[in-house]
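Containing PDB, C-alpha atoms, pLDDT in the B column: structure.pdb.
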```pdb
ATOM      1  CA  MET A   1     -31.023 -25.303  -2.712  1.00 40.00           C
ATOM      2  CA  ALA A   2     -27.573 -24.226  -1.478  1.00 45.00           C
ATOM      3  CA  THR A   3     -28.952 -23.593   2.025  1.00 46.00           C
ATOM      4  CA  SER A   4     -30.610 -27.007   2.012  1.00 45.00           C
ATOM      5  CA  ASP A   5     -27.309 -28.695   1.048  1.00 46.00           C
ATOM      6  CA  LYS A   6     -25.500 -26.787   3.801  1.00 47.00           C
ATOM      7  CA  ASN A   7     -28.015 -27.871   6.441  1.00 47.00           C
ATOM      8  CA  LYS A   8     -27.879 -31.434   5.160  1.00 44.00           C
ATOM      9  CA  ASN A   9     -24.069 -31.367   5.396  1.00 47.00           C
ATOM     10  CA  GLU A  10     -24.247 -30.130   8.992  1.00 49.00           C
ATOM     11  CA  GLN A  11     -26.694 -32.886   9.908  1.00 51.00           C
ATOM     12  CA  THR A  12     -24.547 -35.576   8.220  1.00 61.00           C
ATOM     13  CA  LEU A  13     -21.386 -34.516  10.048  1.00 76.00           C
ATOM     14  CA  SER A  14     -21.568 -35.131  13.787  1.00 89.00           C
ATOM     15  CA  VAL A  15     -20.292 -32.473  16.156  1.00 91.00           C
ATOM     16  CA  GLU A  16     -17.621 -34.910  17.332  1.00 92.00           C
ATOM     17  CA  SER A  17     -16.323 -35.545  13.807  1.00 91.00           C
ATOM     18  CA  ARG A  18     -16.354 -31.845  13.002  1.00 92.00           C
ATOM     19  CA  LEU A  19     -14.402 -31.014  16.158  1.00 93.00           C
ATOM     20  CA  LYS A  20     -11.893 -33.783  15.484  1.00 92.00           C
ATOM     21  CA  SER A  21     -11.362 -32.598  11.906  1.00 93.00           C
ATOM     22  CA  LEU A  22     -10.932 -29.014  13.095  1.00 94.00           C
ATOM     23  CA  TYR A  23      -8.355 -30.112  15.656  1.00 93.00           C
ATOM     24  CA  GLU A  24      -6.459 -31.999  12.918  1.00 94.00           C
ATOM     25  CA  LEU A  25      -6.712 -28.942  10.663  1.00 95.00           C
ATOM     26  CA  GLN A  26      -5.312 -26.562  13.290  1.00 94.00           C
ATOM     27  CA  PRO A  27      -1.652 -27.782  13.333  1.00 93.00           C
ATOM     28  CA  ILE A  28      -1.568 -27.845   9.521  1.00 94.00           C
ATOM     29  CA  LEU A  29      -2.659 -24.215   9.366  1.00 94.00           C
ATOM     30  CA  SER A  30      -0.213 -23.359  12.155  1.00 92.00           C
ATOM     31  CA  GLN A  31       2.632 -24.830  10.084  1.00 91.00           C
ATOM     32  CA  ILE A  32       1.544 -22.693   7.134  1.00 89.00           C
ATOM     33  CA  ASP A  33       1.570 -19.694   9.479  1.00 89.00           C
ATOM     34  CA  ARG A  34       5.134 -20.556  10.510  1.00 87.00           C
ATOM     35  CA  LEU A  35       6.244 -20.717   6.879  1.00 86.00           C
ATOM     36  CA  ARG A  36       4.773 -17.262   6.351  1.00 82.00           C
ATOM     37  CA  THR A  37       6.590 -16.074   9.465  1.00 82.00           C
ATOM     38  CA  VAL A  38       9.863 -17.253   7.897  1.00 77.00           C
ATOM     39  CA  ARG A  39       9.202 -14.775   5.100  1.00 78.00           C
ATOM     40  CA  GLY A  40       8.713 -12.188   7.816  1.00 78.00           C
ATOM     41  CA  GLU A  41       7.959  -8.670   6.678  1.00 82.00           C
ATOM     42  CA  LEU A  42       9.589  -9.183   3.283  1.00 87.00           C
ATOM     43  CA  PRO A  43       6.368  -9.262   1.203  1.00 87.00           C
ATOM     44  CA  LEU A  44       5.211  -6.075   2.920  1.00 88.00           C
ATOM     45  CA  GLU A  45       8.632  -4.450   2.483  1.00 91.00           C
ATOM     46  CA  VAL A  46       8.628  -5.332  -1.236  1.00 93.00           C
ATOM     47  CA  SER A  47       5.134  -3.877  -1.626  1.00 93.00           C
ATOM     48  CA  ASP A  48       6.114  -0.677   0.227  1.00 95.00           C
ATOM     49  CA  LEU A  49       9.243  -0.279  -1.913  1.00 96.00           C
ATOM     50  CA  GLU A  50       7.234  -0.738  -5.111  1.00 96.00           C
ATOM     51  CA  ASP A  51       4.786   1.943  -3.942  1.00 96.00           C
ATOM     52  CA  SER A  52       7.683   4.236  -3.011  1.00 96.00           C
ATOM     53  CA  ILE A  53       9.333   3.765  -6.428  1.00 97.00           C
ATOM     54  CA  GLU A  54       6.053   4.488  -8.180  1.00 97.00           C
ATOM     55  CA  GLY A  55       5.743   7.671  -6.115  1.00 97.00           C
ATOM     56  CA  LEU A  56       9.299   8.750  -6.973  1.00 97.00           C
ATOM     57  CA  ASN A  57       8.684   8.173 -10.696  1.00 97.00           C
ATOM     58  CA  THR A  58       5.513  10.258 -10.462  1.00 97.00           C
ATOM     59  CA  ARG A  59       7.420  13.025  -8.657  1.00 97.00           C
ATOM     60  CA  ILE A  60      10.113  13.071 -11.346  1.00 97.00           C
ATOM     61  CA  ALA A  61       7.465  13.192 -14.085  1.00 97.00           C
ATOM     62  CA  ASN A  62       5.770  16.125 -12.307  1.00 97.00           C
ATOM     63  CA  PHE A  63       9.082  17.998 -11.980  1.00 97.00           C
ATOM     64  CA  ARG A  64       9.785  17.519 -15.686  1.00 97.00           C
ATOM     65  CA  GLN A  65       6.308  18.726 -16.618  1.00 97.00           C
ATOM     66  CA  GLU A  66       6.767  21.809 -14.416  1.00 97.00           C
ATOM     67  CA  ILE A  67      10.116  22.522 -16.120  1.00 97.00           C
ATOM     68  CA  GLU A  68       8.479  22.150 -19.543  1.00 97.00           C
ATOM     69  CA  ASP A  69       5.723  24.597 -18.542  1.00 97.00           C
ATOM     70  CA  LEU A  70       8.306  27.099 -17.278  1.00 97.00           C
ATOM     71  CA  ARG A  71      10.274  26.851 -20.512  1.00 97.00           C
ATOM     72  CA  LYS A  72       7.107  27.608 -22.470  1.00 97.00           C
ATOM     73  CA  LYS A  73       6.496  30.642 -20.250  1.00 97.00           C
ATOM     74  CA  THR A  74      10.091  31.714 -20.852  1.00 97.00           C
ATOM     75  CA  LEU A  75       9.523  31.608 -24.612  1.00 97.00           C
ATOM     76  CA  VAL A  76       6.410  33.748 -24.179  1.00 97.00           C
ATOM     77  CA  GLU A  77       8.392  36.334 -22.182  1.00 97.00           C
ATOM     78  CA  LYS A  78      11.178  36.343 -24.783  1.00 97.00           C
ATOM     79  CA  GLU A  79       8.571  36.974 -27.478  1.00 97.00           C
ATOM     80  CA  LYS A  80       7.262  39.904 -25.426  1.00 97.00           C
ATOM     81  CA  ILE A  81      10.803  41.301 -25.212  1.00 97.00           C
ATOM     82  CA  ASN A  82      11.201  41.065 -28.993  1.00 97.00           C
ATOM     83  CA  GLU A  83       7.899  42.857 -29.503  1.00 97.00           C
ATOM     84  CA  SER A  84       8.843  45.613 -27.033  1.00 96.00           C
ATOM     85  CA  GLN A  85      12.272  46.045 -28.644  1.00 96.00           C
ATOM     86  CA  SER A  86      10.636  46.310 -32.044  1.00 97.00           C
ATOM     87  CA  LYS A  87       8.225  48.961 -30.746  1.00 96.00           C
ATOM     88  CA  ILE A  88      11.069  50.924 -29.114  1.00 95.00           C
ATOM     89  CA  ALA A  89      12.978  50.926 -32.402  1.00 95.00           C
ATOM     90  CA  THR A  90       9.893  52.262 -34.169  1.00 95.00           C
ATOM     91  CA  TYR A  91       9.262  54.934 -31.543  1.00 94.00           C
ATOM     92  CA  LYS A  92      12.890  56.087 -31.689  1.00 93.00           C
ATOM     93  CA  THR A  93      12.633  56.462 -35.462  1.00 93.00           C
ATOM     94  CA  GLN A  94       9.443  58.493 -34.984  1.00 93.00           C
ATOM     95  CA  LEU A  95      11.224  60.750 -32.477  1.00 91.00           C
ATOM     96  CA  ASP A  96      13.364  62.093 -35.328  1.00 87.00           C
ATOM     97  CA  ASN A  97      10.227  63.371 -37.040  1.00 87.00           C
ATOM     98  CA  VAL A  98       8.209  64.817 -34.138  1.00 86.00           C
ATOM     99  CA  ARG A  99       6.460  68.123 -34.819  1.00 88.00           C
ATOM    100  CA  ASN A 100       5.878  69.266 -31.268  1.00 91.00           C
ATOM    101  CA  ASN A 101       6.645  68.627 -27.628  1.00 92.00           C
ATOM    102  CA  ARG A 102       3.388  66.726 -27.100  1.00 92.00           C
ATOM    103  CA  GLU A 103       4.322  64.059 -29.653  1.00 91.00           C
ATOM    104  CA  PHE A 104       7.818  63.894 -28.175  1.00 92.00           C
ATOM    105  CA  ASP A 105       6.469  63.309 -24.675  1.00 93.00           C
ATOM    106  CA  LEU A 106       4.017  60.646 -25.876  1.00 94.00           C
ATOM    107  CA  LEU A 107       6.730  58.735 -27.739  1.00 93.00           C
ATOM    108  CA  SER A 108       9.138  59.053 -24.808  1.00 94.00           C
ATOM    109  CA  LYS A 109       6.507  57.605 -22.443  1.00 96.00           C
ATOM    110  CA  GLU A 110       5.869  54.709 -24.836  1.00 95.00           C
ATOM    111  CA  ILE A 111       9.603  53.983 -24.993  1.00 95.00           C
ATOM    112  CA  GLU A 112       9.782  54.144 -21.194  1.00 96.00           C
ATOM    113  CA  PHE A 113       6.749  51.819 -20.864  1.00 96.00           C
ATOM    114  CA  GLN A 114       8.164  49.248 -23.299  1.00 96.00           C
ATOM    115  CA  THR A 115      11.531  49.417 -21.491  1.00 96.00           C
ATOM    116  CA  LEU A 116       9.723  48.604 -18.224  1.00 97.00           C
ATOM    117  CA  GLU A 117       7.915  45.733 -19.995  1.00 97.00           C
ATOM    118  CA  ILE A 118      11.279  44.341 -21.091  1.00 96.00           C
ATOM    119  CA  GLU A 119      12.634  44.600 -17.554  1.00 97.00           C
ATOM    120  CA  LEU A 120       9.522  42.820 -16.200  1.00 97.00           C
ATOM    121  CA  SER A 121       9.845  40.023 -18.761  1.00 97.00           C
ATOM    122  CA  GLU A 122      13.550  39.656 -17.965  1.00 97.00           C
ATOM    123  CA  LYS A 123      12.662  39.445 -14.261  1.00 97.00           C
ATOM    124  CA  HIS A 124      10.120  36.696 -15.029  1.00 97.00           C
ATOM    125  CA  ILE A 125      12.685  34.843 -17.168  1.00 97.00           C
ATOM    126  CA  ASN A 126      15.227  34.956 -14.334  1.00 98.00           C
ATOM    127  CA  GLU A 127      12.600  33.710 -11.861  1.00 98.00           C
ATOM    128  CA  TYR A 128      11.621  30.880 -14.195  1.00 97.00           C
ATOM    129  CA  GLN A 129      15.270  29.919 -14.668  1.00 97.00           C
ATOM    130  CA  ARG A 130      15.849  29.868 -10.919  1.00 97.00           C
ATOM    131  CA  VAL A 131      12.853  27.561 -10.438  1.00 97.00           C
ATOM    132  CA  ILE A 132      14.026  25.391 -13.365  1.00 97.00           C
ATOM    133  CA  ASP A 133      17.476  25.067 -11.742  1.00 97.00           C
ATOM    134  CA  ASN A 134      15.845  24.076  -8.426  1.00 97.00           C
ATOM    135  CA  LYS A 135      13.564  21.567 -10.143  1.00 97.00           C
ATOM    136  CA  THR A 136      16.520  20.127 -12.062  1.00 97.00           C
ATOM    137  CA  ALA A 137      18.375  19.670  -8.763  1.00 97.00           C
ATOM    138  CA  ASP A 138      15.246  18.044  -7.286  1.00 97.00           C
ATOM    139  CA  ILE A 139      15.122  15.622 -10.226  1.00 97.00           C
ATOM    140  CA  ALA A 140      18.781  14.688  -9.739  1.00 97.00           C
ATOM    141  CA  ALA A 141      18.246  14.069  -5.998  1.00 97.00           C
ATOM    142  CA  THR A 142      15.035  12.128  -6.616  1.00 97.00           C
ATOM    143  CA  GLU A 143      16.672  10.018  -9.335  1.00 97.00           C
ATOM    144  CA  GLU A 144      19.506   9.190  -6.935  1.00 97.00           C
ATOM    145  CA  ASN A 145      16.950   8.174  -4.297  1.00 97.00           C
ATOM    146  CA  LEU A 146      15.059   6.187  -6.943  1.00 97.00           C
ATOM    147  CA  SER A 147      18.220   4.332  -7.930  1.00 97.00           C
ATOM    148  CA  ASP A 148      18.861   3.403  -4.287  1.00 97.00           C
ATOM    149  CA  GLN A 149      15.258   2.239  -3.827  1.00 96.00           C
ATOM    150  CA  GLN A 150      15.404   0.136  -7.006  1.00 97.00           C
ATOM    151  CA  HIS A 151      18.639  -1.472  -5.824  1.00 97.00           C
ATOM    152  CA  ILE A 152      17.122  -2.311  -2.427  1.00 96.00           C
ATOM    153  CA  LEU A 153      13.948  -3.622  -4.102  1.00 96.00           C
ATOM    154  CA  ALA A 154      15.976  -5.948  -6.334  1.00 96.00           C
ATOM    155  CA  GLU A 155      17.777  -7.343  -3.265  1.00 95.00           C
ATOM    156  CA  LYS A 156      14.529  -7.776  -1.302  1.00 93.00           C
ATOM    157  CA  LYS A 157      12.845  -9.499  -4.259  1.00 93.00           C
ATOM    158  CA  ASN A 158      15.752 -11.908  -4.669  1.00 93.00           C
ATOM    159  CA  GLU A 159      15.689 -12.654  -0.951  1.00 89.00           C
ATOM    160  CA  LEU A 160      11.926 -13.207  -1.023  1.00 88.00           C
ATOM    161  CA  GLU A 161      12.125 -15.428  -4.114  1.00 88.00           C
ATOM    162  CA  GLU A 162      14.767 -17.603  -2.421  1.00 87.00           C
ATOM    163  CA  ILE A 163      12.626 -18.022   0.707  1.00 84.00           C
ATOM    164  CA  VAL A 164       9.479 -18.695  -1.328  1.00 82.00           C
ATOM    165  CA  SER A 165      11.261 -21.296  -3.461  1.00 83.00           C
ATOM    166  CA  GLU A 166      12.521 -23.007  -0.298  1.00 79.00           C
ATOM    167  CA  THR A 167       9.108 -23.095   1.381  1.00 83.00           C
ATOM    168  CA  LYS A 168       6.804 -23.349  -1.629  1.00 82.00           C
ATOM    169  CA  GLN A 169       6.827 -27.156  -1.831  1.00 85.00           C
ATOM    170  CA  ASP A 170       6.130 -27.525   1.895  1.00 88.00           C
ATOM    171  CA  GLU A 171       3.342 -24.961   1.795  1.00 87.00           C
ATOM    172  CA  GLU A 172       1.685 -26.613  -1.216  1.00 89.00           C
ATOM    173  CA  ARG A 173       1.802 -29.990   0.548  1.00 92.00           C
ATOM    174  CA  LEU A 174       0.242 -28.513   3.693  1.00 93.00           C
ATOM    175  CA  ARG A 175      -2.439 -26.727   1.694  1.00 92.00           C
ATOM    176  CA  GLU A 176      -3.391 -29.998   0.035  1.00 93.00           C
ATOM    177  CA  GLN A 177      -3.703 -31.606   3.460  1.00 94.00           C
ATOM    178  CA  ALA A 178      -5.854 -28.728   4.674  1.00 94.00           C
ATOM    179  CA  LYS A 179      -8.004 -28.900   1.555  1.00 93.00           C
ATOM    180  CA  ALA A 180      -8.623 -32.606   2.173  1.00 93.00           C
ATOM    181  CA  LEU A 181      -9.769 -31.923   5.750  1.00 93.00           C
ATOM    182  CA  GLU A 182     -11.993 -28.908   5.139  1.00 93.00           C
ATOM    183  CA  PRO A 183     -14.910 -30.884   3.582  1.00 93.00           C
ATOM    184  CA  LYS A 184     -15.116 -32.823   6.858  1.00 93.00           C
ATOM    185  CA  VAL A 185     -16.258 -29.612   8.563  1.00 93.00           C
ATOM    186  CA  ASP A 186     -19.491 -27.835   7.662  1.00 92.00           C
ATOM    187  CA  PRO A 187     -19.021 -24.432   5.938  1.00 92.00           C
ATOM    188  CA  ARG A 188     -20.581 -22.457   8.790  1.00 92.00           C
ATOM    189  CA  THR A 189     -18.279 -23.914  11.452  1.00 92.00           C
ATOM    190  CA  LEU A 190     -15.246 -23.701   9.152  1.00 94.00           C
ATOM    191  CA  THR A 191     -15.914 -20.009   8.441  1.00 93.00           C
ATOM    192  CA  ALA A 192     -16.292 -19.307  12.170  1.00 93.00           C
ATOM    193  CA  PHE A 193     -13.061 -21.213  12.895  1.00 94.00           C
ATOM    194  CA  LYS A 194     -11.097 -19.197  10.321  1.00 93.00           C
ATOM    195  CA  ARG A 195     -12.523 -15.962  11.686  1.00 93.00           C
ATOM    196  CA  ILE A 196     -11.491 -16.940  15.232  1.00 93.00           C
ATOM    197  CA  ARG A 197      -7.964 -17.743  13.993  1.00 93.00           C
ATOM    198  CA  LYS A 198      -7.627 -14.268  12.469  1.00 90.00           C
ATOM    199  CA  ASN A 199      -8.617 -12.648  15.755  1.00 89.00           C
ATOM    200  CA  THR A 200      -6.108 -14.553  17.888  1.00 89.00           C
ATOM    201  CA  ARG A 201      -2.454 -13.601  18.284  1.00 84.00           C
ATOM    202  CA  ASN A 202      -1.136 -17.172  17.916  1.00 89.00           C
ATOM    203  CA  GLY A 203      -3.612 -18.284  15.243  1.00 91.00           C
ATOM    204  CA  LEU A 204      -5.210 -20.977  17.422  1.00 94.00           C
ATOM    205  CA  GLY A 205      -8.900 -21.319  16.640  1.00 94.00           C
ATOM    206  CA  ILE A 206      -9.495 -24.542  18.569  1.00 94.00           C
ATOM    207  CA  VAL A 207      -7.932 -25.653  21.871  1.00 95.00           C
ATOM    208  CA  TYR A 208      -8.449 -28.439  24.413  1.00 93.00           C
ATOM    209  CA  ILE A 209      -9.130 -27.986  28.108  1.00 93.00           C
ATOM    210  CA  GLN A 210      -5.965 -27.976  30.216  1.00 93.00           C
ATOM    211  CA  ARG A 211      -6.162 -28.226  34.021  1.00 91.00           C
ATOM    212  CA  ASN A 212      -9.817 -27.193  33.979  1.00 92.00           C
ATOM    213  CA  ALA A 213      -9.002 -24.074  31.936  1.00 94.00           C
ATOM    214  CA  CYS A 214      -9.204 -22.927  28.321  1.00 93.00           C
ATOM    215  CA  GLY A 215      -6.041 -23.976  26.476  1.00 92.00           C
ATOM    216  CA  GLY A 216      -5.989 -20.635  24.690  1.00 92.00           C
ATOM    217  CA  CYS A 217      -6.491 -17.933  27.326  1.00 93.00           C
ATOM    218  CA  PHE A 218      -6.157 -20.186  30.438  1.00 94.00           C
ATOM    219  CA  ASN A 219      -9.293 -18.844  32.068  1.00 94.00           C
ATOM    220  CA  ARG A 220     -11.030 -21.400  34.279  1.00 95.00           C
ATOM    221  CA  ILE A 221     -13.908 -23.364  32.736  1.00 93.00           C
ATOM    222  CA  PRO A 222     -16.818 -24.244  35.076  1.00 93.00           C
ATOM    223  CA  PRO A 223     -17.397 -28.025  35.631  1.00 93.00           C
ATOM    224  CA  GLN A 224     -20.845 -27.855  33.993  1.00 93.00           C
ATOM    225  CA  LYS A 225     -19.359 -26.294  30.863  1.00 93.00           C
ATOM    226  CA  GLN A 226     -16.602 -28.931  30.825  1.00 92.00           C
ATOM    227  CA  MET A 227     -19.253 -31.632  30.957  1.00 93.00           C
ATOM    228  CA  GLU A 228     -21.083 -30.090  27.996  1.00 93.00           C
ATOM    229  CA  ILE A 229     -17.814 -29.989  26.021  1.00 92.00           C
ATOM    230  CA  LYS A 230     -17.190 -33.688  26.722  1.00 91.00           C
ATOM    231  CA  MET A 231     -20.684 -34.615  25.501  1.00 92.00           C
ATOM    232  CA  HIS A 232     -19.931 -33.308  21.968  1.00 90.00           C
ATOM    233  CA  LYS A 233     -23.547 -32.227  21.493  1.00 90.00           C
ATOM    234  CA  LYS A 234     -22.710 -28.772  20.158  1.00 91.00           C
ATOM    235  CA  ILE A 235     -19.808 -26.494  19.266  1.00 92.00           C
ATOM    236  CA  ILE A 236     -18.820 -24.557  22.388  1.00 92.00           C
ATOM    237  CA  VAL A 237     -16.537 -21.525  22.461  1.00 93.00           C
ATOM    238  CA  CYS A 238     -14.651 -19.965  25.358  1.00 93.00           C
ATOM    239  CA  GLU A 239     -16.616 -17.027  26.752  1.00 92.00           C
ATOM    240  CA  TYR A 240     -13.354 -15.157  27.367  1.00 92.00           C
ATOM    241  CA  CYS A 241     -11.282 -15.570  24.168  1.00 93.00           C
ATOM    242  CA  GLY A 242     -13.867 -16.980  21.730  1.00 92.00           C
ATOM    243  CA  ARG A 243     -11.823 -20.066  20.770  1.00 94.00           C
ATOM    244  CA  ILE A 244     -13.583 -23.359  20.068  1.00 95.00           C
ATOM    245  CA  MET A 245     -12.979 -25.839  22.903  1.00 94.00           C
ATOM    246  CA  ILE A 246     -12.727 -29.638  22.913  1.00 93.00           C
ATOM    247  CA  ASP A 247     -11.971 -32.145  25.637  1.00 91.00           C
ATOM    248  CA  PRO A 248      -8.447 -33.626  25.892  1.00 90.00           C
ATOM    249  CA  GLU A 249      -9.669 -37.146  25.094  1.00 90.00           C
ATOM    250  CA  LEU A 250     -11.047 -36.109  21.730  1.00 88.00           C
ATOM    251  CA  ALA A 251      -7.804 -34.223  21.089  1.00 84.00           C
ATOM    252  CA  GLY A 252      -5.868 -37.433  21.781  1.00 84.00           C
ATOM    253  CA  VAL A 253      -4.150 -35.944  24.814  1.00 79.00           C
ATOM    254  CA  GLN A 254      -3.585 -38.020  27.930  1.00 70.00           C
TER     255      GLN A 254
END
```

Would you kindly transcribe this structure into structure tokens?
Amino acid sequence: MATSDKNKNEQTLSVESRLKSLYELQPILSQIDRLRTVRGELPLEVSDLEDSIEGLNTRIANFRQEIEDLRKKTLVEKEKINESQSKIATYKTQLDNVRNNREFDLLSKEIEFQTLEIELSEKHINEYQRVIDNKTADIAATEENLSDQQHILAEKKNELEEIVSETKQDEERLREQAKALEPKVDPRTLTAFKRIRKNTRNGLGIVYIQRNACGGCFNRIPPQKQMEIKMHKKIIVCEYCGRIMIDPELAGVQ
């Protein structure tokens, strides 16, 4: 049913009327493009800053989690030290009651082993603390960067809001004009026109013939092709740039 309505719409609208409506639509869309150009790269800059700030917040959260994990490891090492110290105290007490050299040597080796365990745990604790200090410094630097980014973002947002508020009314008016014209072009042609506009540097999807050449890319149009364009029997596009072409008379150009 939808396909039938589309075909019926295409048959109802003559090629000439569709071309004329497209040519009227083009300057409206070009004005909207110009309003967007006034905003420049601001919307993109705001989006990039928001992404950057999100990344910085994530980095800070990761640093803090790493510090928390290191502190937990530090507590584990401290607990190991306490256990080793307790064992050493026990072994030293037992040394006072040894009955032979063998027991003395065994207890001495245990004391030596637990002393080495304490030294290893202390080494780990110092390493963890050094990493914690580095991570803390990283957080401070990242937070400073974050503060700068947030300040810039606030300025960019204010600037963008001012420009949008200045151009919003004009853009809404132009969009209403465009919306009123679009039903005068069949959906298939309108979709093709919008696609052509996206692929052109200046956003022109329809142009008239100028001095026997395409008004978009200025490549020469053969006389036979020009005649076909003037007859308004079908939509014709430039074989070089792909823009839709109309004759100057239909465009209202002398």

Option closest in space to Gln94 (chain A), from A:Glu50, A:Ala140, A:Lys80, A:Glu110 [counting all atoms listed in the file]
A:Glu110

Applying the PyMOL selection byres ((chain A and resi 206-221) around 8) to the file I just gave you, which residues come out? Please list them as an mmCIF file with C-alpha atoms, keeping the file's coordinate frame.
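Heads up, here's the output in part_39.cif:
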```
data_model
loop_
_atom_site.group_PDB
_atom_site.id
_atom_site.type_symbol
_atom_site.label_atom_id
_atom_site.label_comp_id
_atom_site.auth_asym_id
_atom_site.auth_seq_id
_atom_site.Cartn_x
_atom_site.Cartn_y
_atom_site.Cartn_z
ATOM 1 C CA LEU A 22 -10.932 -29.014 13.095
ATOM 2 C CA TYR A 23 -8.355 -30.112 15.656
ATOM 3 C CA GLN A 26 -5.312 -26.562 13.290
ATOM 4 C CA PHE A 193 -13.061 -21.213 12.895
ATOM 5 C CA LEU A 204 -5.210 -20.977 17.422
ATOM 6 C CA GLY A 205 -8.900 -21.319 16.640
ATOM 7 C CA PRO A 222 -16.818 -24.244 35.076
ATOM 8 C CA PRO A 223 -17.397 -28.025 35.631
ATOM 9 C CA LYS A 225 -19.359 -26.294 30.863
ATOM 10 C CA GLN A 226 -16.602 -28.931 30.825
ATOM 11 C CA CYS A 238 -14.651 -19.965 25.358
ATOM 12 C CA TYR A 240 -13.354 -15.157 27.367
ATOM 13 C CA CYS A 241 -11.282 -15.570 24.168
ATOM 14 C CA ARG A 243 -11.823 -20.066 20.770
ATOM 15 C CA ILE A 244 -13.583 -23.359 20.068
ATOM 16 C CA MET A 245 -12.979 -25.839 22.903
ATOM 17 C CA ILE A 246 -12.727 -29.638 22.913
ATOM 18 C CA ASP A 247 -11.971 -32.145 25.637
ATOM 19 C CA PRO A 248 -8.447 -33.626 25.892
ATOM 20 C CA ALA A 251 -7.804 -34.223 21.089
#
```

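With only C-alpha atoms as the basis for measurement, A:Lys184 is the residue among A:Lys184, A:Lys109, A:Lys72, A:Lys234 that approaches Ser17 (chain A) most closely.
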
Would you mind listing what lies within 10 Å of region 129-132 of chain A as a list of chain:residue names, with all atoms listed in the file counted and same-chain residues fewer than 2 positions away left out?
A:Phe63, A:Arg64, A:Glu66, A:Ile67, A:Glu68, A:Asp69, A:Leu70, A:Arg71, A:Thr74, A:Lys123, A:His124, A:Ile125, A:Asn126, A:Glu127, A:Asn134, A:Lys135, A:Thr136, A:Ala137, A:Asp138

Which residues match the PyMOL selection byres ((chain A and resi 92) around 10) in the file above, as number ranges by chain?
A: 87-91, 93-97, 104, 107-108, 110-111

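Proximity to Ile60 (chain A) was assessed for A:Glu228, A:Glu161, A:Glu171, A:Glu143 counting all atoms listed in the file; the smallest distance is recorded for A:Glu143.
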
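Checking A:Ser21, A:Ser147, A:Ser121, A:Asn62 one by one against Val76 (chain A), counting only C-alpha atoms, you find the shortest gap at A:Ser121.
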
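CA of Leu49 (chain A) is positioned 10.2 Å from CA of Lys157 (chain A).
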
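Going from CA of Gly40 (chain A) to CA of Glu162 (chain A) covers 13.1 Å.
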
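Proximity to Glu144 (chain A) was assessed for A:Gly242, A:Pro43, A:Asn57, A:Gln65 counting all atoms listed in the file; the smallest distance is recorded for A:Asn57.
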
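The gap separating CA of Pro187 (chain A) from CA of Gln224 (chain A) is 28.3 Å, in Å to one decimal.
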
Residue list as a PyMOL selection string for point (-19.1, -27.9, 8.3), cut-off 9 Å, all atoms listed in the file
chain A and resi 6+9-10+13+18+182-191

How about saving the chosen residues, C-alpha atoms kept, as a JSON list (two decimals), in the coordinates of the input?
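Wrote it out as part.json, contents follow:
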```json
[["chain", "number", "residue", "atom", "x", "y", "z"],
["A", 6, "LYS", "CA", -25.50, -26.79, 3.80],
["A", 9, "ASN", "CA", -24.07, -31.37, 5.40],
["A", 10, "GLU", "CA", -24.25, -30.13, 8.99],
["A", 13, "LEU", "CA", -21.39, -34.52, 10.05],
["A", 18, "ARG", "CA", -16.35, -31.84, 13.00],
["A", 182, "GLU", "CA", -11.99, -28.91, 5.14],
["A", 183, "PRO", "CA", -14.91, -30.88, 3.58],
["A", 184, "LYS", "CA", -15.12, -32.82, 6.86],
["A", 185, "VAL", "CA", -16.26, -29.61, 8.56],
["A", 186, "ASP", "CA", -19.49, -27.84, 7.66],
["A", 187, "PRO", "CA", -19.02, -24.43, 5.94],
["A", 188, "ARG", "CA", -20.58, -22.46, 8.79],
["A", 189, "THR", "CA", -18.28, -23.91, 11.45],
["A", 190, "LEU", "CA", -15.25, -23.70, 9.15],
["A", 191, "THR", "CA", -15.91, -20.01, 8.44]]
```

Report as a PyMOL selection string the full result of the PyMOL selection byres ((chain A and resi 159) around 12) when it is applied to this structure.
chain A and resi 38-43+45-46+152-158+160-166

Those residues you just picked out, can you put them in a file as a CSV table (one decimal), in the frame of the given file with C-alpha atoms?
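Writing done, so here's selection_35.csv:
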```csv
chain,number,residue,atom,x,y,z
A,38,VAL,CA,9.9,-17.3,7.9
A,39,ARG,CA,9.2,-14.8,5.1
A,40,GLY,CA,8.7,-12.2,7.8
A,41,GLU,CA,8.0,-8.7,6.7
A,42,LEU,CA,9.6,-9.2,3.3
A,43,PRO,CA,6.4,-9.3,1.2
A,45,GLU,CA,8.6,-4.4,2.5
A,46,VAL,CA,8.6,-5.3,-1.2
A,152,ILE,CA,17.1,-2.3,-2.4
A,153,LEU,CA,13.9,-3.6,-4.1
A,154,ALA,CA,16.0,-5.9,-6.3
A,155,GLU,CA,17.8,-7.3,-3.3
A,156,LYS,CA,14.5,-7.8,-1.3
A,157,LYS,CA,12.8,-9.5,-4.3
A,158,ASN,CA,15.8,-11.9,-4.7
A,160,LEU,CA,11.9,-13.2,-1.0
A,161,GLU,CA,12.1,-15.4,-4.1
A,162,GLU,CA,14.8,-17.6,-2.4
A,163,ILE,CA,12.6,-18.0,0.7
A,164,VAL,CA,9.5,-18.7,-1.3
A,165,SER,CA,11.3,-21.3,-3.5
A,166,GLU,CA,12.5,-23.0,-0.3
```
